[in-house]
file input-v5.cif (mmCIF, C-alpha atoms and all ligand atoms)
data_target
loop_
_atom_site.label_atom_id
_atom_site.label_comp_id
_atom_site.auth_asym_id
_atom_site.auth_seq_id
_atom_site.Cartn_x
_atom_site.Cartn_y
_atom_site.Cartn_z
CA MET A 1 3.48 5.69 -1.18
CA VAL A 2 6.14 4.38 1.16
CA LEU A 3 8.34 7.21 2.35
CA LEU A 4 11.80 5.95 3.25
CA ALA A 5 13.83 8.39 5.35
CA GLU A 6 17.33 6.94 5.43
CA ASP A 7 20.62 8.76 4.82
CA ASP A 8 22.73 5.64 4.27
CA PRO A 9 22.55 4.65 0.57
CA ALA A 10 23.82 1.15 1.42
CA ILE A 11 20.51 0.63 3.25
CA ALA A 12 18.20 2.94 1.31
CA GLU A 13 19.00 1.64 -2.18
CA PRO A 14 18.44 -2.11 -1.74
CA LEU A 15 15.42 -1.43 0.48
CA SER A 16 13.83 0.90 -2.03
CA ARG A 17 14.42 -1.65 -4.82
CA ALA A 18 12.77 -4.37 -2.72
CA LEU A 19 9.76 -2.15 -2.00
CA HIS A 20 9.40 -1.37 -5.72
CA ARG A 21 9.45 -5.09 -6.45
CA GLU A 22 6.65 -5.55 -3.90
CA GLY A 23 4.57 -3.11 -5.94
CA TYR A 24 4.89 -0.05 -3.69
CA GLN A 25 5.63 3.44 -4.86
CA VAL A 26 8.69 4.61 -2.94
CA ARG A 27 10.29 7.96 -2.24
CA VAL A 28 13.67 8.11 -0.53
CA VAL A 29 14.75 11.20 1.44
CA ALA A 30 17.64 11.80 3.80
CA ASP A 31 16.43 14.94 5.53
CA GLY A 32 13.94 15.25 8.39
CA HIS A 33 12.45 18.54 7.21
CA GLU A 34 11.68 16.99 3.85
CA VAL A 35 9.91 14.11 5.61
CA LEU A 36 7.62 16.57 7.40
CA ASP A 37 6.86 18.45 4.16
CA LEU A 38 6.01 15.26 2.27
CA ALA A 39 3.97 13.83 5.14
CA ALA A 40 1.80 16.95 5.09
CA ASP A 41 0.90 16.30 1.42
CA GLY A 42 -1.22 13.28 2.37
CA GLU A 43 0.38 10.91 -0.16
CA VAL A 44 2.37 8.90 2.38
CA ASN A 45 0.82 5.59 3.52
CA VAL A 46 3.69 4.49 5.70
CA LEU A 47 6.93 6.09 6.86
CA VAL A 48 10.09 4.04 7.36
CA LEU A 49 12.19 6.36 9.50
CA ASP A 50 15.86 6.03 10.35
CA LEU A 51 16.52 7.07 13.93
CA GLY A 52 19.98 8.40 13.07
CA LEU A 53 19.22 11.03 10.43
CA PRO A 54 21.61 13.98 10.15
CA GLY A 55 20.24 17.35 11.24
CA MET A 56 16.86 16.51 12.73
CA ASP A 57 16.97 12.95 14.04
CA GLY A 58 14.21 10.38 13.59
CA LEU A 59 12.83 10.86 17.10
CA GLU A 60 12.37 14.57 16.58
CA VAL A 61 10.79 13.98 13.16
CA CYS A 62 8.35 11.52 14.72
CA ARG A 63 7.47 13.84 17.61
CA ARG A 64 6.80 16.75 15.26
CA LEU A 65 4.73 14.53 13.00
CA ARG A 66 2.50 13.46 15.89
CA THR A 67 2.31 17.01 17.29
CA SER A 68 1.03 18.14 13.90
CA GLY A 69 -1.78 15.55 14.22
CA SER A 70 -0.45 13.14 11.58
CA GLU A 71 -1.47 9.50 12.01
CA ILE A 72 0.83 8.09 9.33
CA PRO A 73 2.13 4.70 10.52
CA VAL A 74 5.81 5.00 11.42
CA LEU A 75 8.29 2.15 11.39
CA MET A 76 11.50 3.24 13.07
CA LEU A 77 14.87 1.86 11.95
CA THR A 78 17.50 1.91 14.63
CA ALA A 79 21.13 0.88 14.69
CA ARG A 80 21.03 0.67 18.45
CA THR A 81 19.74 -2.42 20.14
CA ASP A 82 19.38 -0.84 23.55
CA GLU A 83 15.82 -1.33 24.74
CA VAL A 84 15.74 2.20 26.13
CA ASP A 85 15.94 3.59 22.60
CA PHE A 86 13.01 1.46 21.49
CA VAL A 87 10.91 2.75 24.36
CA VAL A 88 11.86 6.33 23.55
CA GLY A 89 10.97 5.70 19.90
CA LEU A 90 7.56 4.35 20.81
CA ASP A 91 7.03 7.27 23.19
CA ALA A 92 7.81 9.63 20.35
CA GLY A 93 4.88 8.09 18.49
CA ALA A 94 6.43 5.34 16.36
CA ASP A 95 4.18 2.32 15.74
CA ASP A 96 6.90 -0.27 15.40
CA TYR A 97 10.67 -0.54 15.12
CA VAL A 98 13.26 -2.78 13.51
CA ALA A 99 16.88 -2.93 14.62
CA LYS A 100 19.69 -2.80 12.06
CA PRO A 101 20.93 -5.06 10.68
CA PHE A 102 17.51 -6.39 9.72
CA ARG A 103 16.32 -9.12 7.40
CA LEU A 104 14.58 -7.68 4.37
CA ALA A 105 11.71 -10.18 4.59
CA GLU A 106 11.01 -9.18 8.17
CA LEU A 107 10.98 -5.48 7.38
CA LEU A 108 8.61 -6.01 4.46
CA ALA A 109 6.29 -8.07 6.65
CA ARG A 110 6.22 -5.31 9.29
CA ILE A 111 5.41 -2.72 6.63
CA ARG A 112 2.55 -4.85 5.30
CA ALA A 113 1.22 -5.29 8.84
CA LEU A 114 1.27 -1.53 9.46
CA LEU A 115 -0.55 -0.85 6.21
CA ARG A 116 -3.21 -3.43 7.11
CA ARG A 117 -3.66 -2.07 10.61
CA ARG A 118 -4.30 1.43 9.35
CA ALA A 119 -6.45 0.39 6.42
CA PRO A 120 -10.08 1.48 6.71
CA GLU A 121 -12.66 -1.15 7.59
CA THR A 122 -14.99 -0.22 4.79
CA LEU A 123 -14.60 1.19 1.30
CA GLU A 124 -17.49 2.76 -0.54
CA VAL A 125 -17.44 4.21 -4.03
CA ALA A 126 -20.30 4.90 -6.40
CA GLY A 127 -22.75 2.49 -4.76
CA VAL A 128 -20.23 -0.32 -4.29
CA ARG A 129 -19.50 -0.97 -0.63
CA MET A 130 -16.89 -3.36 0.79
CA ASP A 131 -16.82 -4.36 4.42
CA LEU A 132 -13.25 -5.61 4.71
CA GLY A 133 -13.64 -7.14 8.16
CA ALA A 134 -16.77 -9.10 7.26
CA ARG A 135 -15.56 -9.62 3.66
CA MET A 136 -18.97 -8.52 2.46
CA VAL A 137 -19.72 -6.60 -0.72
CA THR A 138 -22.94 -4.82 -1.62
CA VAL A 139 -23.88 -3.10 -4.87
CA ASP A 140 -26.59 -0.47 -4.45
CA GLY A 141 -27.55 -2.18 -1.18
CA GLY A 142 -27.75 -5.75 -2.54
CA GLU A 143 -25.15 -8.26 -1.44
CA ILE A 144 -23.03 -10.02 -4.07
CA GLN A 145 -20.77 -13.04 -3.58
CA LEU A 146 -17.16 -12.64 -4.67
CA ALA A 147 -14.47 -15.30 -4.73
CA ASN A 148 -11.28 -14.48 -2.88
CA LYS A 149 -9.28 -13.10 -5.83
CA GLU A 150 -12.26 -11.10 -7.10
CA PHE A 151 -12.58 -9.56 -3.64
CA GLU A 152 -8.89 -8.61 -3.54
CA LEU A 153 -9.08 -7.26 -7.07
CA LEU A 154 -12.03 -5.04 -6.18
CA ARG A 155 -10.28 -3.88 -3.01
CA VAL A 156 -7.19 -2.75 -4.93
CA LEU A 157 -9.32 -0.86 -7.45
CA LEU A 158 -11.59 0.77 -4.85
CA GLN A 159 -8.68 1.87 -2.68
CA ARG A 160 -7.49 3.91 -5.63
CA ALA A 161 -10.84 4.77 -7.17
CA GLY A 162 -10.60 7.42 -9.87
CA GLN A 163 -6.97 6.50 -10.62
CA VAL A 164 -5.49 4.02 -13.05
CA VAL A 165 -4.06 0.93 -11.40
CA SER A 166 -1.54 -0.77 -13.67
CA ARG A 167 -1.69 -4.48 -14.52
CA ASP A 168 1.72 -4.96 -12.87
CA GLU A 169 0.51 -3.38 -9.65
CA ILE A 170 -2.61 -5.56 -9.63
CA LEU A 171 -0.61 -8.73 -10.30
CA ALA A 172 1.83 -7.86 -7.52
CA GLU A 173 -0.87 -7.02 -4.99
CA VAL A 174 -3.50 -9.64 -5.75
CA TRP A 175 -1.46 -12.53 -7.09
CA ASN A 176 1.79 -11.66 -5.34
CA ASP A 177 3.34 -12.12 -8.77
CA LEU A 178 6.43 -9.98 -8.82
CA ASP A 179 7.79 -10.75 -12.27
CA ALA A 180 4.40 -10.63 -13.72
CA LYS A 181 5.06 -10.54 -17.42
CA THR A 182 4.03 -14.11 -18.16
CA SER A 183 0.99 -14.36 -20.37
CA LYS A 184 -0.52 -16.95 -18.01
CA THR A 185 -0.92 -14.64 -15.01
CA SER A 186 -1.97 -11.84 -17.30
CA LYS A 187 -4.77 -14.01 -18.72
CA THR A 188 -5.79 -14.99 -15.21
CA LEU A 189 -6.17 -11.33 -14.38
CA ASP A 190 -8.40 -10.73 -17.41
CA MET A 191 -10.53 -13.71 -16.51
CA HIS A 192 -11.08 -12.55 -12.93
CA MET A 193 -11.74 -9.02 -14.14
CA SER A 194 -14.47 -10.24 -16.43
CA TRP A 195 -16.09 -12.29 -13.62
CA LEU A 196 -15.86 -9.32 -11.26
CA ARG A 197 -17.47 -7.02 -13.81
CA ARG A 198 -20.30 -9.46 -14.41
CA LYS A 199 -20.98 -9.74 -10.67
CA LEU A 200 -20.94 -5.97 -10.28
CA GLY A 201 -23.55 -5.84 -13.02
CA ASP A 202 -21.17 -3.76 -15.08
CA ALA A 203 -22.72 -2.64 -18.36
CA GLY A 204 -21.28 -3.59 -21.79
CA ASN A 205 -17.79 -2.88 -22.93
CA ARG A 206 -18.29 0.63 -24.31
CA SER A 207 -20.87 1.84 -21.86
CA PRO A 208 -19.96 5.15 -20.24
CA GLU A 209 -21.71 3.90 -17.10
CA ARG A 210 -19.23 1.07 -16.74
CA ARG A 211 -17.77 1.02 -13.24
CA ILE A 212 -14.41 -0.51 -14.11
CA ALA A 213 -12.86 1.11 -17.16
CA THR A 214 -10.07 -0.53 -19.15
CA VAL A 215 -7.25 1.91 -19.78
CA ARG A 216 -5.59 0.48 -22.86
CA GLY A 217 -1.95 -0.48 -22.50
CA VAL A 218 -1.92 0.52 -18.83
CA GLY A 219 -4.48 -1.08 -16.57
CA PHE A 220 -7.86 -0.40 -15.02
CA ARG A 221 -9.69 2.41 -13.32
CA PHE A 222 -12.67 2.22 -10.98
CA ASN A 223 -14.79 5.21 -11.91
CA ALA A 224 -15.56 7.27 -8.83
CA ASP A 225 -18.74 8.73 -10.29
CA CA A 301 21.52 7.02 9.53
#
call {"tool": "encode", "arguments": {"input": "input-v5.cif", "output": "structure tokens"}}
result
Amino acid sequence: MVLLAEDDPAIAEPLSRALHREGYQVRVVADGHEVLDLAADGEVNVLVLDLGLPGMDGLEVCRRLRTSGSEIPVLMLTARTDEVDFVVGLDAGADDYVAKPFRLAELLARIRALLRRRAPETLEVAGVRMDLGARMVTVDGGEIQLANKEFELLRVLLQRAGQVVSRDEILAEVWNDLDAKTSKTSKTLDMHMSWLRRKLGDAGNRSPERRIATVRGVGFRFNAD
């Protein structure tokens, strides 16, 4: 989830819509204490934090977050362009900052970069292991060769193993297809899913041992056990 801490609806609303379109789950809050509560829940993957929040300002929120041991990536939004404020923000533990007014595309790119930087190097679930740096996949110790889209597809499923990932989310993340309802992209997804399953040695359609389950009308789930 992207947690967006911004008290100005003229910024928060369009930004949250854009993040939704990119396939992220978004929660918007305007209060620093709420940010700290939500961050402690462990559901936040990146925090976009306005420096000028009422009550507890963004710097204080960031300091408290780091003091509590949280390593959530923080992208600070600041209305001030004074370099001193940037330095103070980074000192407080922010990972990056963007000055208002910002271009949406730039902000989204920075968020993606932060998520990549903090992503783990390897994923391992139920005998399937992905080395993201080396782009290597092994199943029960034996290496398998995946094409690029199959690799990305598996990554999205493994990152959320045990949970359903919707078709829309997969299309947005793997194919960068944001209005994904066309039957063409949807068919492409099914095709790649069937190749991926075959390469994983996934058992027949109804097998309870199947690694990737189809959740009818919703999407897919990588079974964690
Ligand atoms: Ca503000």
call {"tool": "residues_near_ligand", "arguments": {"input": "input-v5.cif", "ligand": "ligand CA 301 (chain A)", "cutoff": "10 Å", "atoms": "only C-alpha atoms and all ligand atoms", "output": "VMD selection string"}}
result
chain A and resid 5 to 9 11 to 12 30 49 to 54 57 to 58 77 to 79
call {"tool": "write_last_selection", "arguments": {"input": "input-v5.cif", "atoms": "C-alpha atoms", "output": "mmCIF file, in the frame of the given file"}}
result
data_model
loop_
_atom_site.group_PDB
_atom_site.id
_atom_site.type_symbol
_atom_site.label_atom_id
_atom_site.label_comp_id
_atom_site.auth_asym_id
_atom_site.auth_seq_id
_atom_site.Cartn_x
_atom_site.Cartn_y
_atom_site.Cartn_z
ATOM 1 C CA ALA A 5 13.830 8.390 5.350
ATOM 2 C CA GLU A 6 17.330 6.940 5.430
ATOM 3 C CA ASP A 7 20.620 8.760 4.820
ATOM 4 C CA ASP A 8 22.730 5.640 4.270
ATOM 5 C CA PRO A 9 22.550 4.650 0.570
ATOM 6 C CA ILE A 11 20.510 0.630 3.250
ATOM 7 C CA ALA A 12 18.200 2.940 1.310
ATOM 8 C CA ALA A 30 17.640 11.800 3.800
ATOM 9 C CA LEU A 49 12.190 6.360 9.500
ATOM 10 C CA ASP A 50 15.860 6.030 10.350
ATOM 11 C CA LEU A 51 16.520 7.070 13.930
ATOM 12 C CA GLY A 52 19.980 8.400 13.070
ATOM 13 C CA LEU A 53 19.220 11.030 10.430
ATOM 14 C CA PRO A 54 21.610 13.980 10.150
ATOM 15 C CA ASP A 57 16.970 12.950 14.040
ATOM 16 C CA GLY A 58 14.210 10.380 13.590
ATOM 17 C CA LEU A 77 14.870 1.860 11.950
ATOM 18 C CA THR A 78 17.500 1.910 14.630
ATOM 19 C CA ALA A 79 21.130 0.880 14.690
#
call {"tool": "atom_distance", "arguments": {"input": "input-v5.cif", "atom1": "atom CA of A:Thr185", "atom2": "atom CA of A:Pro14"}}
result
26.6 Å
call {"tool": "closest_residue", "arguments": {"input": "input-v5.cif", "among": "A:Gly42, A:Pro73, A:Gly217, A:Gly89", "to": "A:Leu59", "atoms": "all atoms listed in the file"}}
result
A:Gly89
call {"tool": "atom_distance", "arguments": {"input": "input-v5.cif", "atom1": "atom CA of A:Gly142", "atom2": "atom CA of A:Met193"}}
result
20.0 Å
call {"tool": "residues_around", "arguments": {"input": "input-v5.cif", "residues": "A:Gly219", "least_positions_apart": "3", "cutoff": "6 Å", "atoms": "only C-alpha atoms", "output": "MDAnalysis selection string"}}
result
chainID A and resid 165:167 215
call {"tool": "residues_around", "arguments": {"input": "input-v5.cif", "residues": "A:Arg135", "least_positions_apart": "3", "cutoff": "10 Å", "atoms": "all atoms listed in the file", "output": "VMD selection string"}}
result
chain A and resid 121 to 122 130 to 132 145 to 146 148 151 to 152
call {"tool": "residues_around", "arguments": {"input": "input-v5.cif", "residues": "A:Arg211", "least_positions_apart": "6", "cutoff": "7 Å", "atoms": "all atoms listed in the file", "output": "PyMOL selection string"}}
result
chain A and resi 202+222-223
call {"tool": "closest_residue", "arguments": {"input": "input-v5.cif", "among": "A:Val218, A:Leu196, A:Leu90, A:Met76", "to": "A:Phe102", "atoms": "only C-alpha atoms"}}
result
A:Met76
